[in-house]
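To start, the structure under review is shown below, and the notes come after it.
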Amino acid sequence: MGLRIRQQSASAMKIATFLESHPQVSKVVYPGLASHPQKELADRQHRDGLHGGMLWFDVKGDPIKLMDSIKRPWTLCENLGATESIITACAVMTHANMIREDRLKVGITDGFIRISVGIEDPDDLIRGLDDALNQL
């Protein structure tokens, strides 16, 4: 488990850093980023600076188009915490049954994309994200 968490955390940090600089992304939330509002708390509570493999971002373009154009090694599904990397457009997948106003009240915007980073090579994951984001 330790090896997996170290890999997922390192990859998630690399992906989050990439996403922060992408023009099609308006917001990235990952506790390891300096921009995270509770970074100091996360650093105190997460052992060895391992912030895990979960992050989310807001895409400026059409999230459905992003889901349609994302390629392997990404897996499109509504699962979390696997060894494979998973990407979900929450507004049209996991929370599609919510009224838009209610969804927005809990912070799930139309462009809210959730990522569960697995153990694949982070450069392959970033390349896949970059390709899909650039198609928006």
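By order in the structure tokens, chains are A, B, ...; within a chain, residues start at 1; ligands start at 1, following the order shown.
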According to DSSP computed on the backbone, where in chain A is there alpha helix (DSSP H)? Give the residues as a compact mmCIF listing (two decimals) with all heavy atoms, in the first residue's frame.
# COMPACT_ATOMS: atom_id res chain seq x y z
N GLY A 2 1.95 1.26 0.75
CA GLY A 2 2.81 2.44 0.82
C GLY A 2 3.36 2.86 -0.53
O GLY A 2 3.37 4.03 -0.88
N LEU A 3 3.82 1.88 -1.30
CA LEU A 3 4.37 2.16 -2.63
C LEU A 3 3.30 2.78 -3.53
O LEU A 3 3.55 3.76 -4.23
CB LEU A 3 4.91 0.87 -3.25
CG LEU A 3 5.48 0.97 -4.66
CD1 LEU A 3 6.68 1.90 -4.66
CD2 LEU A 3 5.87 -0.40 -5.17
N ARG A 4 2.11 2.23 -3.47
CA ARG A 4 1.00 2.74 -4.28
C ARG A 4 0.66 4.18 -3.90
O ARG A 4 0.50 5.05 -4.78
CB ARG A 4 -0.22 1.83 -4.11
CG ARG A 4 -1.44 2.32 -4.82
CD ARG A 4 -2.58 1.35 -4.64
NE ARG A 4 -3.83 2.06 -4.72
CZ ARG A 4 -5.00 1.54 -4.43
NH1 ARG A 4 -5.09 0.30 -4.03
NH2 ARG A 4 -6.09 2.24 -4.52
N ILE A 5 0.56 4.48 -2.62
CA ILE A 5 0.20 5.83 -2.16
C ILE A 5 1.28 6.83 -2.55
O ILE A 5 0.98 7.95 -2.97
CB ILE A 5 -0.05 5.85 -0.64
CG1 ILE A 5 -1.24 4.97 -0.28
CG2 ILE A 5 -0.26 7.28 -0.14
CD1 ILE A 5 -2.55 5.33 -0.96
N ARG A 6 2.54 6.44 -2.44
CA ARG A 6 3.63 7.34 -2.85
C ARG A 6 3.54 7.65 -4.34
O ARG A 6 3.67 8.80 -4.75
CB ARG A 6 4.99 6.73 -2.49
CG ARG A 6 5.34 6.86 -1.02
CD ARG A 6 6.79 6.51 -0.73
NE ARG A 6 7.14 5.14 -1.06
CZ ARG A 6 6.91 4.09 -0.27
NH1 ARG A 6 6.33 4.25 0.90
NH2 ARG A 6 7.27 2.88 -0.65
N GLN A 7 3.29 6.63 -5.16
CA GLN A 7 3.19 6.84 -6.60
C GLN A 7 1.98 7.70 -6.95
O GLN A 7 2.07 8.63 -7.74
CB GLN A 7 3.10 5.49 -7.34
CG GLN A 7 2.90 5.60 -8.84
CD GLN A 7 4.09 6.22 -9.55
OE1 GLN A 7 5.23 6.01 -9.15
NE2 GLN A 7 3.83 6.99 -10.59
N GLN A 8 0.83 7.39 -6.35
CA GLN A 8 -0.38 8.15 -6.64
C GLN A 8 -0.23 9.61 -6.21
O GLN A 8 -0.64 10.52 -6.93
CB GLN A 8 -1.59 7.52 -5.95
CG GLN A 8 -2.02 6.22 -6.60
CD GLN A 8 -3.13 5.54 -5.85
OE1 GLN A 8 -3.04 5.31 -4.65
NE2 GLN A 8 -4.18 5.19 -6.56
N SER A 9 0.35 9.85 -5.05
CA SER A 9 0.54 11.21 -4.56
C SER A 9 1.49 12.00 -5.45
O SER A 9 1.21 13.16 -5.79
CB SER A 9 1.06 11.19 -3.12
OG SER A 9 0.11 10.65 -2.24
N ALA A 10 2.60 11.41 -5.82
CA ALA A 10 3.56 12.10 -6.68
C ALA A 10 2.94 12.40 -8.04
O ALA A 10 3.10 13.50 -8.58
CB ALA A 10 4.83 11.25 -6.84
N SER A 11 2.21 11.44 -8.60
CA SER A 11 1.57 11.65 -9.90
C SER A 11 0.48 12.71 -9.81
O SER A 11 0.36 13.57 -10.70
CB SER A 11 0.99 10.33 -10.41
OG SER A 11 2.01 9.41 -10.69
N ALA A 12 -0.33 12.66 -8.75
CA ALA A 12 -1.40 13.65 -8.58
C ALA A 12 -0.82 15.05 -8.48
O ALA A 12 -1.36 16.00 -9.07
CB ALA A 12 -2.24 13.32 -7.35
N MET A 13 0.28 15.20 -7.76
CA MET A 13 0.91 16.52 -7.64
C MET A 13 1.41 17.02 -9.00
O MET A 13 1.21 18.19 -9.35
CB MET A 13 2.06 16.45 -6.63
CG MET A 13 2.70 17.78 -6.36
SD MET A 13 1.52 18.93 -5.60
CE MET A 13 2.53 20.38 -5.53
N LYS A 14 2.01 16.13 -9.76
CA LYS A 14 2.52 16.51 -11.08
C LYS A 14 1.36 16.90 -12.01
O LYS A 14 1.44 17.89 -12.75
CB LYS A 14 3.32 15.35 -11.67
CG LYS A 14 4.12 15.72 -12.89
CD LYS A 14 5.09 14.60 -13.28
CE LYS A 14 5.97 15.06 -14.43
NZ LYS A 14 6.96 14.03 -14.79
N ILE A 15 0.27 16.16 -11.96
CA ILE A 15 -0.90 16.44 -12.80
C ILE A 15 -1.56 17.74 -12.36
O ILE A 15 -1.92 18.58 -13.19
CB ILE A 15 -1.88 15.25 -12.75
CG1 ILE A 15 -1.28 14.04 -13.48
CG2 ILE A 15 -3.24 15.64 -13.34
CD1 ILE A 15 -1.99 12.74 -13.21
N ALA A 16 -1.71 17.94 -11.06
CA ALA A 16 -2.32 19.17 -10.55
C ALA A 16 -1.51 20.39 -10.95
O ALA A 16 -2.08 21.41 -11.36
CB ALA A 16 -2.46 19.09 -9.02
N THR A 17 -0.21 20.29 -10.86
CA THR A 17 0.67 21.39 -11.26
C THR A 17 0.51 21.69 -12.75
O THR A 17 0.42 22.85 -13.16
CB THR A 17 2.13 21.05 -10.92
OG1 THR A 17 2.23 20.81 -9.51
CG2 THR A 17 3.08 22.16 -11.32
N PHE A 18 0.46 20.63 -13.57
CA PHE A 18 0.22 20.82 -15.01
C PHE A 18 -1.12 21.52 -15.25
O PHE A 18 -1.20 22.47 -16.03
CB PHE A 18 0.25 19.46 -15.72
CG PHE A 18 -0.46 19.47 -17.04
CD1 PHE A 18 0.11 20.05 -18.16
CD2 PHE A 18 -1.73 18.92 -17.15
CE1 PHE A 18 -0.57 20.08 -19.37
CE2 PHE A 18 -2.42 18.94 -18.35
CZ PHE A 18 -1.83 19.53 -19.47
N LEU A 19 -2.17 21.05 -14.59
CA LEU A 19 -3.50 21.60 -14.82
C LEU A 19 -3.59 23.07 -14.42
O LEU A 19 -4.29 23.85 -15.08
CB LEU A 19 -4.55 20.78 -14.05
CG LEU A 19 -4.85 19.40 -14.61
CD1 LEU A 19 -5.68 18.59 -13.62
CD2 LEU A 19 -5.54 19.49 -15.96
N GLU A 20 -2.89 23.46 -13.37
CA GLU A 20 -2.92 24.87 -12.95
C GLU A 20 -2.44 25.82 -14.04
O GLU A 20 -2.86 26.96 -14.09
CB GLU A 20 -2.05 25.08 -11.70
CG GLU A 20 -2.76 24.83 -10.41
CD GLU A 20 -2.01 25.38 -9.22
OE1 GLU A 20 -0.78 25.25 -9.14
OE2 GLU A 20 -2.70 25.93 -8.33
N LYS A 39 -3.57 24.25 2.62
CA LYS A 39 -2.29 23.57 2.37
C LYS A 39 -1.53 23.32 3.67
O LYS A 39 -1.00 22.23 3.90
CB LYS A 39 -1.45 24.41 1.40
CG LYS A 39 0.01 23.99 1.27
CD LYS A 39 0.16 22.81 0.37
CE LYS A 39 1.59 22.63 -0.09
NZ LYS A 39 2.35 21.69 0.69
N GLU A 40 -1.47 24.32 4.53
CA GLU A 40 -0.72 24.18 5.78
C GLU A 40 -1.31 23.07 6.65
O GLU A 40 -0.58 22.25 7.20
CB GLU A 40 -0.75 25.51 6.54
CG GLU A 40 0.17 25.54 7.74
CD GLU A 40 0.16 26.91 8.41
OE1 GLU A 40 0.38 27.91 7.71
OE2 GLU A 40 -0.07 26.94 9.64
N LEU A 41 -2.62 23.01 6.74
CA LEU A 41 -3.29 21.96 7.49
C LEU A 41 -3.02 20.59 6.86
O LEU A 41 -2.71 19.63 7.57
CB LEU A 41 -4.79 22.23 7.55
CG LEU A 41 -5.65 21.17 8.24
CD1 LEU A 41 -5.29 21.06 9.72
CD2 LEU A 41 -7.14 21.50 8.07
N ALA A 42 -3.12 20.51 5.54
CA ALA A 42 -2.86 19.25 4.84
C ALA A 42 -1.44 18.78 5.10
O ALA A 42 -1.21 17.59 5.34
CB ALA A 42 -3.11 19.41 3.35
N ASP A 43 -0.49 19.69 5.08
CA ASP A 43 0.90 19.32 5.33
C ASP A 43 1.09 18.77 6.74
O ASP A 43 1.89 17.86 6.95
CB ASP A 43 1.84 20.51 5.10
CG ASP A 43 2.04 20.82 3.64
OD1 ASP A 43 1.75 19.96 2.78
OD2 ASP A 43 2.50 21.95 3.35
N ARG A 44 0.35 19.31 7.69
CA ARG A 44 0.46 18.82 9.08
C ARG A 44 -0.20 17.46 9.24
O ARG A 44 0.27 16.63 10.01
CB ARG A 44 -0.18 19.81 10.05
CG ARG A 44 0.64 21.05 10.30
CD ARG A 44 0.17 21.82 11.56
NE ARG A 44 -1.26 21.99 11.68
CZ ARG A 44 -1.96 23.05 11.24
NH1 ARG A 44 -1.33 24.02 10.61
NH2 ARG A 44 -3.26 23.11 11.42
N GLN A 45 -1.30 17.25 8.54
CA GLN A 45 -2.08 16.04 8.77
C GLN A 45 -1.76 14.88 7.84
O GLN A 45 -2.03 13.73 8.17
CB GLN A 45 -3.57 16.37 8.69
CG GLN A 45 -4.02 17.25 9.82
CD GLN A 45 -5.52 17.48 9.83
OE1 GLN A 45 -6.23 17.13 8.89
NE2 GLN A 45 -6.01 18.06 10.90
N PRO A 63 -17.45 19.72 -20.74
CA PRO A 63 -16.94 18.53 -20.05
C PRO A 63 -17.29 17.22 -20.78
O PRO A 63 -16.54 16.25 -20.71
CB PRO A 63 -17.61 18.58 -18.68
CG PRO A 63 -18.79 19.47 -18.85
CD PRO A 63 -18.44 20.43 -19.94
N ILE A 64 -18.39 17.22 -21.51
CA ILE A 64 -18.76 16.02 -22.27
C ILE A 64 -17.76 15.80 -23.40
O ILE A 64 -17.32 14.67 -23.65
CB ILE A 64 -20.20 16.11 -22.80
CG1 ILE A 64 -21.18 16.13 -21.61
CG2 ILE A 64 -20.51 14.94 -23.74
CD1 ILE A 64 -22.62 16.42 -22.00
N LYS A 65 -17.36 16.86 -24.06
CA LYS A 65 -16.36 16.75 -25.12
C LYS A 65 -15.03 16.26 -24.54
O LYS A 65 -14.34 15.45 -25.15
CB LYS A 65 -16.17 18.10 -25.82
CG LYS A 65 -15.26 18.01 -27.03
CD LYS A 65 -15.26 19.30 -27.82
CE LYS A 65 -14.35 19.13 -29.05
NZ LYS A 65 -14.29 20.35 -29.84
N LEU A 66 -14.69 16.73 -23.34
CA LEU A 66 -13.47 16.25 -22.68
C LEU A 66 -13.56 14.75 -22.44
O LEU A 66 -12.63 14.00 -22.74
CB LEU A 66 -13.23 17.00 -21.37
CG LEU A 66 -12.00 16.57 -20.59
CD1 LEU A 66 -10.72 17.00 -21.30
CD2 LEU A 66 -12.03 17.12 -19.17
N MET A 67 -14.70 14.30 -21.93
CA MET A 67 -14.88 12.87 -21.65
C MET A 67 -14.84 12.06 -22.94
O MET A 67 -14.28 10.96 -22.99
CB MET A 67 -16.21 12.60 -20.92
CG MET A 67 -16.32 13.21 -19.55
SD MET A 67 -15.12 12.62 -18.34
CE MET A 67 -14.01 14.01 -18.29
N ASP A 68 -15.39 12.61 -24.01
CA ASP A 68 -15.40 11.91 -25.30
C ASP A 68 -14.01 11.81 -25.93
O ASP A 68 -13.76 10.90 -26.71
CB ASP A 68 -16.35 12.61 -26.28
CG ASP A 68 -17.80 12.37 -25.97
OD1 ASP A 68 -18.10 11.45 -25.17
OD2 ASP A 68 -18.65 13.11 -26.49
N SER A 69 -13.13 12.76 -25.59
CA SER A 69 -11.83 12.78 -26.26
C SER A 69 -10.68 12.26 -25.40
O SER A 69 -9.58 12.08 -25.91
CB SER A 69 -11.52 14.19 -26.75
OG SER A 69 -11.51 15.11 -25.68
N ARG A 100 -29.66 21.49 -11.19
CA ARG A 100 -28.45 22.30 -11.38
C ARG A 100 -28.21 23.25 -10.20
O ARG A 100 -27.09 23.37 -9.70
CB ARG A 100 -28.52 23.08 -12.68
CG ARG A 100 -27.23 23.85 -12.97
CD ARG A 100 -27.27 24.48 -14.37
NE ARG A 100 -25.97 25.03 -14.71
CZ ARG A 100 -25.60 26.28 -14.44
NH1 ARG A 100 -26.43 27.11 -13.83
NH2 ARG A 100 -24.40 26.70 -14.77
N GLU A 101 -29.25 23.93 -9.74
CA GLU A 101 -29.10 24.89 -8.64
C GLU A 101 -28.59 24.19 -7.37
O GLU A 101 -27.74 24.72 -6.66
CB GLU A 101 -30.43 25.59 -8.33
CG GLU A 101 -30.92 26.49 -9.45
CD GLU A 101 -31.62 25.73 -10.57
OE1 GLU A 101 -32.23 24.66 -10.33
OE2 GLU A 101 -31.54 26.19 -11.72
N ASP A 102 -29.11 23.00 -7.08
CA ASP A 102 -28.66 22.25 -5.90
C ASP A 102 -27.21 21.79 -6.07
O ASP A 102 -26.43 21.83 -5.12
CB ASP A 102 -29.55 21.03 -5.66
CG ASP A 102 -30.95 21.42 -5.21
OD1 ASP A 102 -31.15 22.58 -4.77
OD2 ASP A 102 -31.85 20.56 -5.30
N ARG A 103 -26.88 21.36 -7.28
CA ARG A 103 -25.52 20.92 -7.56
C ARG A 103 -24.53 22.07 -7.37
O ARG A 103 -23.49 21.92 -6.76
CB ARG A 103 -25.47 20.36 -8.99
CG ARG A 103 -24.24 19.61 -9.33
CD ARG A 103 -24.32 18.92 -10.67
NE ARG A 103 -25.02 19.57 -11.75
CZ ARG A 103 -24.56 20.59 -12.47
NH1 ARG A 103 -23.39 21.10 -12.22
NH2 ARG A 103 -25.28 21.10 -13.45
N LEU A 104 -24.90 23.25 -7.87
CA LEU A 104 -24.03 24.42 -7.73
C LEU A 104 -23.87 24.84 -6.27
O LEU A 104 -22.79 25.27 -5.85
CB LEU A 104 -24.56 25.58 -8.56
CG LEU A 104 -24.49 25.39 -10.08
CD1 LEU A 104 -25.21 26.53 -10.78
CD2 LEU A 104 -23.05 25.26 -10.55
N LYS A 105 -24.93 24.67 -5.47
CA LYS A 105 -24.86 25.01 -4.04
C LYS A 105 -23.81 24.19 -3.32
O LYS A 105 -23.20 24.67 -2.36
CB LYS A 105 -26.22 24.81 -3.37
CG LYS A 105 -27.23 25.87 -3.68
CD LYS A 105 -28.54 25.55 -2.98
CE LYS A 105 -29.66 26.45 -3.47
NZ LYS A 105 -30.96 26.06 -2.91
N PRO A 122 2.94 9.30 -14.85
CA PRO A 122 2.26 10.60 -14.86
C PRO A 122 2.42 11.37 -16.17
O PRO A 122 1.52 12.11 -16.57
CB PRO A 122 2.88 11.35 -13.69
CG PRO A 122 4.17 10.67 -13.42
CD PRO A 122 3.98 9.24 -13.83
N ASP A 123 3.53 11.17 -16.87
CA ASP A 123 3.71 11.86 -18.16
C ASP A 123 2.71 11.36 -19.20
O ASP A 123 2.22 12.15 -20.01
CB ASP A 123 5.14 11.71 -18.66
CG ASP A 123 6.14 12.45 -17.78
OD1 ASP A 123 5.78 13.49 -17.20
OD2 ASP A 123 7.29 11.98 -17.66
N ASP A 124 2.39 10.07 -19.16
CA ASP A 124 1.36 9.53 -20.06
C ASP A 124 -0.01 10.11 -19.72
O ASP A 124 -0.79 10.45 -20.62
CB ASP A 124 1.30 8.00 -19.97
CG ASP A 124 2.53 7.33 -20.54
OD1 ASP A 124 3.26 7.95 -21.33
OD2 ASP A 124 2.77 6.15 -20.17
N LEU A 125 -0.30 10.24 -18.43
CA LEU A 125 -1.57 10.80 -17.99
C LEU A 125 -1.68 12.27 -18.39
O LEU A 125 -2.73 12.71 -18.89
CB LEU A 125 -1.73 10.64 -16.47
CG LEU A 125 -1.83 9.19 -15.99
CD1 LEU A 125 -1.66 9.12 -14.48
CD2 LEU A 125 -3.15 8.57 -16.42
N ILE A 126 -0.61 13.02 -18.19
CA ILE A 126 -0.61 14.43 -18.56
C ILE A 126 -0.77 14.59 -20.06
O ILE A 126 -1.53 15.45 -20.53
CB ILE A 126 0.68 15.12 -18.05
CG1 ILE A 126 0.60 15.27 -16.53
CG2 ILE A 126 0.90 16.47 -18.73
CD1 ILE A 126 1.89 15.71 -15.87
N ARG A 127 -0.09 13.76 -20.84
CA ARG A 127 -0.21 13.82 -22.30
C ARG A 127 -1.67 13.58 -22.72
O ARG A 127 -2.20 14.29 -23.57
CB ARG A 127 0.72 12.79 -22.94
CG ARG A 127 0.97 12.98 -24.40
CD ARG A 127 2.11 12.13 -24.97
NE ARG A 127 2.59 11.00 -24.19
CZ ARG A 127 3.66 11.04 -23.36
NH1 ARG A 127 4.33 12.14 -23.20
NH2 ARG A 127 4.03 9.97 -22.69
N GLY A 128 -2.32 12.61 -22.11
CA GLY A 128 -3.72 12.34 -22.42
C GLY A 128 -4.63 13.49 -22.05
O GLY A 128 -5.53 13.85 -22.81
N LEU A 129 -4.41 14.08 -20.88
CA LEU A 129 -5.20 15.24 -20.47
C LEU A 129 -4.96 16.42 -21.39
O LEU A 129 -5.91 17.10 -21.80
CB LEU A 129 -4.83 15.65 -19.04
CG LEU A 129 -5.54 14.94 -17.90
CD1 LEU A 129 -4.92 15.34 -16.57
CD2 LEU A 129 -7.02 15.27 -17.91
N ASP A 130 -3.71 16.68 -21.70
CA ASP A 130 -3.36 17.81 -22.55
C ASP A 130 -4.02 17.67 -23.92
O ASP A 130 -4.62 18.63 -24.44
CB ASP A 130 -1.85 17.93 -22.68
CG ASP A 130 -1.40 19.24 -23.29
OD1 ASP A 130 -2.03 20.28 -23.00
OD2 ASP A 130 -0.41 19.24 -24.04
N ASP A 131 -3.93 16.49 -24.51
CA ASP A 131 -4.56 16.25 -25.81
C ASP A 131 -6.06 16.52 -25.76
O ASP A 131 -6.62 17.18 -26.64
CB ASP A 131 -4.31 14.82 -26.29
CG ASP A 131 -2.87 14.57 -26.71
OD1 ASP A 131 -2.11 15.55 -26.86
OD2 ASP A 131 -2.50 13.38 -26.85
N ALA A 132 -6.72 15.99 -24.72
CA ALA A 132 -8.17 16.16 -24.62
C ALA A 132 -8.55 17.62 -24.33
O ALA A 132 -9.48 18.15 -24.94
CB ALA A 132 -8.72 15.25 -23.53
N LEU A 133 -7.82 18.27 -23.44
CA LEU A 133 -8.11 19.68 -23.14
C LEU A 133 -7.90 20.58 -24.34
O LEU A 133 -8.66 21.53 -24.55
CB LEU A 133 -7.23 20.15 -21.97
CG LEU A 133 -7.62 19.64 -20.59
CD1 LEU A 133 -6.49 19.89 -19.59
CD2 LEU A 133 -8.92 20.27 -20.12
| Quick one: of A:Leu55, A:Gly32, A:Val117, A:His22, who's nearest to Thr83 (chain A), counting only C-alpha atoms? |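 Closest candidate: A:Val117.
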| said: Just list as number ranges by chain whatever in chain A DSSP marks as strand (DSSP E). | reply: A: 25-29, 54-59, 75-76, 86-89, 112-116
Dump of N, CA and C atoms for the selected residues, as a PDB file, in the first residue's frame:
ATOM      1  N   VAL A  25      -8.272  25.343 -18.114  1.00  0.00           N
ATOM      2  CA  VAL A  25      -8.613  25.005 -16.731  1.00  0.00           C
ATOM      3  C   VAL A  25      -8.686  26.294 -15.917  1.00  0.00           C
ATOM      4  N   SER A  26      -9.813  26.492 -15.221  1.00  0.00           N
ATOM      5  CA  SER A  26      -9.983  27.714 -14.434  1.00  0.00           C
ATOM      6  C   SER A  26      -9.638  27.543 -12.961  1.00  0.00           C
ATOM      7  N   LYS A  27      -9.655  26.307 -12.459  1.00  0.00           N
ATOM      8  CA  LYS A  27      -9.405  26.073 -11.034  1.00  0.00           C
ATOM      9  C   LYS A  27      -8.933  24.636 -10.841  1.00  0.00           C
ATOM     10  N   VAL A  28      -7.977  24.449  -9.939  1.00  0.00           N
ATOM     11  CA  VAL A  28      -7.498  23.113  -9.577  1.00  0.00           C
ATOM     12  C   VAL A  28      -7.488  23.025  -8.058  1.00  0.00           C
ATOM     13  N   VAL A  29      -8.029  21.944  -7.517  1.00  0.00           N
ATOM     14  CA  VAL A  29      -8.035  21.751  -6.072  1.00  0.00           C
ATOM     15  C   VAL A  29      -7.329  20.436  -5.752  1.00  0.00           C
ATOM     16  N   MET A  54      -6.476  11.965  -5.167  1.00  0.00           N
ATOM     17  CA  MET A  54      -7.732  12.597  -5.577  1.00  0.00           C
ATOM     18  C   MET A  54      -7.525  14.092  -5.788  1.00  0.00           C
ATOM     19  N   LEU A  55      -8.055  14.598  -6.898  1.00  0.00           N
ATOM     20  CA  LEU A  55      -8.065  16.031  -7.140  1.00  0.00           C
ATOM     21  C   LEU A  55      -9.236  16.356  -8.047  1.00  0.00           C
ATOM     22  N   TRP A  56      -9.537  17.644  -8.148  1.00  0.00           N
ATOM     23  CA  TRP A  56     -10.579  18.049  -9.089  1.00  0.00           C
ATOM     24  C   TRP A  56     -10.183  19.368  -9.715  1.00  0.00           C
ATOM     25  N   PHE A  57     -10.786  19.600 -10.877  1.00  0.00           N
ATOM     26  CA  PHE A  57     -10.548  20.854 -11.568  1.00  0.00           C
ATOM     27  C   PHE A  57     -11.797  21.272 -12.324  1.00  0.00           C
ATOM     28  N   ASP A  58     -11.845  22.570 -12.638  1.00  0.00           N
ATOM     29  CA  ASP A  58     -12.931  23.111 -13.449  1.00  0.00           C
ATOM     30  C   ASP A  58     -12.410  23.353 -14.850  1.00  0.00           C
ATOM     31  N   VAL A  59     -13.052  22.733 -15.812  1.00  0.00           N
ATOM     32  CA  VAL A  59     -12.686  22.900 -17.210  1.00  0.00           C
ATOM     33  C   VAL A  59     -13.511  24.043 -17.797  1.00  0.00           C
ATOM     34  N   THR A  75      -9.312   6.068 -17.582  1.00  0.00           N
ATOM     35  CA  THR A  75     -10.525   5.265 -17.601  1.00  0.00           C
ATOM     36  C   THR A  75     -11.683   6.180 -17.248  1.00  0.00           C
ATOM     37  N   LEU A  76     -12.718   6.124 -18.032  1.00  0.00           N
ATOM     38  CA  LEU A  76     -13.903   6.937 -17.801  1.00  0.00           C
ATOM     39  C   LEU A  76     -14.911   6.105 -17.020  1.00  0.00           C
ATOM     40  N   ILE A  86      -8.738   7.358 -13.101  1.00  0.00           N
ATOM     41  CA  ILE A  86     -10.143   7.493 -13.452  1.00  0.00           C
ATOM     42  C   ILE A  86     -10.488   8.975 -13.554  1.00  0.00           C
ATOM     43  N   ILE A  87     -11.274   9.327 -14.548  1.00  0.00           N
ATOM     44  CA  ILE A  87     -11.716  10.706 -14.745  1.00  0.00           C
ATOM     45  C   ILE A  87     -13.230  10.712 -14.878  1.00  0.00           C
ATOM     46  N   THR A  88     -13.867  11.682 -14.208  1.00  0.00           N
ATOM     47  CA  THR A  88     -15.324  11.754 -14.169  1.00  0.00           C
ATOM     48  C   THR A  88     -15.787  13.195 -14.330  1.00  0.00           C
ATOM     49  N   ALA A  89     -16.732  13.438 -15.207  1.00  0.00           N
ATOM     50  CA  ALA A  89     -17.407  14.730 -15.317  1.00  0.00           C
ATOM     51  C   ALA A  89     -18.628  14.648 -14.418  1.00  0.00           C
ATOM     52  N   PHE A 112     -16.957  20.747 -13.528  1.00  0.00           N
ATOM     53  CA  PHE A 112     -16.275  20.037 -12.443  1.00  0.00           C
ATOM     54  C   PHE A 112     -15.823  18.651 -12.918  1.00  0.00           C
ATOM     55  N   ILE A 113     -14.511  18.444 -12.931  1.00  0.00           N
ATOM     56  CA  ILE A 113     -13.942  17.158 -13.351  1.00  0.00           C
ATOM     57  C   ILE A 113     -13.188  16.564 -12.168  1.00  0.00           C
ATOM     58  N   ARG A 114     -13.542  15.349 -11.789  1.00  0.00           N
ATOM     59  CA  ARG A 114     -12.869  14.672 -10.680  1.00  0.00           C
ATOM     60  C   ARG A 114     -11.900  13.644 -11.237  1.00  0.00           C
ATOM     61  N   ILE A 115     -10.728  13.612 -10.628  1.00  0.00           N
ATOM     62  CA  ILE A 115      -9.692  12.666 -11.040  1.00  0.00           C
ATOM     63  C   ILE A 115      -9.275  11.812  -9.845  1.00  0.00           C
ATOM     64  N   SER A 116      -9.192  10.526 -10.072  1.00  0.00           N
ATOM     65  CA  SER A 116      -8.595   9.599  -9.116  1.00  0.00           C
ATOM     66  C   SER A 116      -7.360   9.041  -9.812  1.00  0.00           C
TER      67      SER A 116
END
| field | Pick from A:Val106, A:Ile99, A:Ala34, A:Met93 nearest to Cys77 (chain A), counting only C-alpha atoms | value |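 Among the listed residues, the smallest separation from Cys77 (chain A) belongs to A:Met93.
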| task | Measure the distance from CA of Gln135 (chain A) to CA of Arg72 (chain A) in Å and round it to one decimal. | result |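 Spanning CA of Gln135 (chain A) to CA of Arg72 (chain A) is a straight-line distance of 15.7 Å.
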| query | In Å, with one decimal, what is the gap from CA of Cys90 (chain A) to CA of Pro23 (chain A)? | reply |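 Taking CA of Cys90 (chain A) as the start and CA of Pro23 (chain A) as the end point, the length is 20.7 Å.
Atom to atom, CA of Asn79 (chain A) and CA of His46 (chain A) stand 22.9 Å apart.
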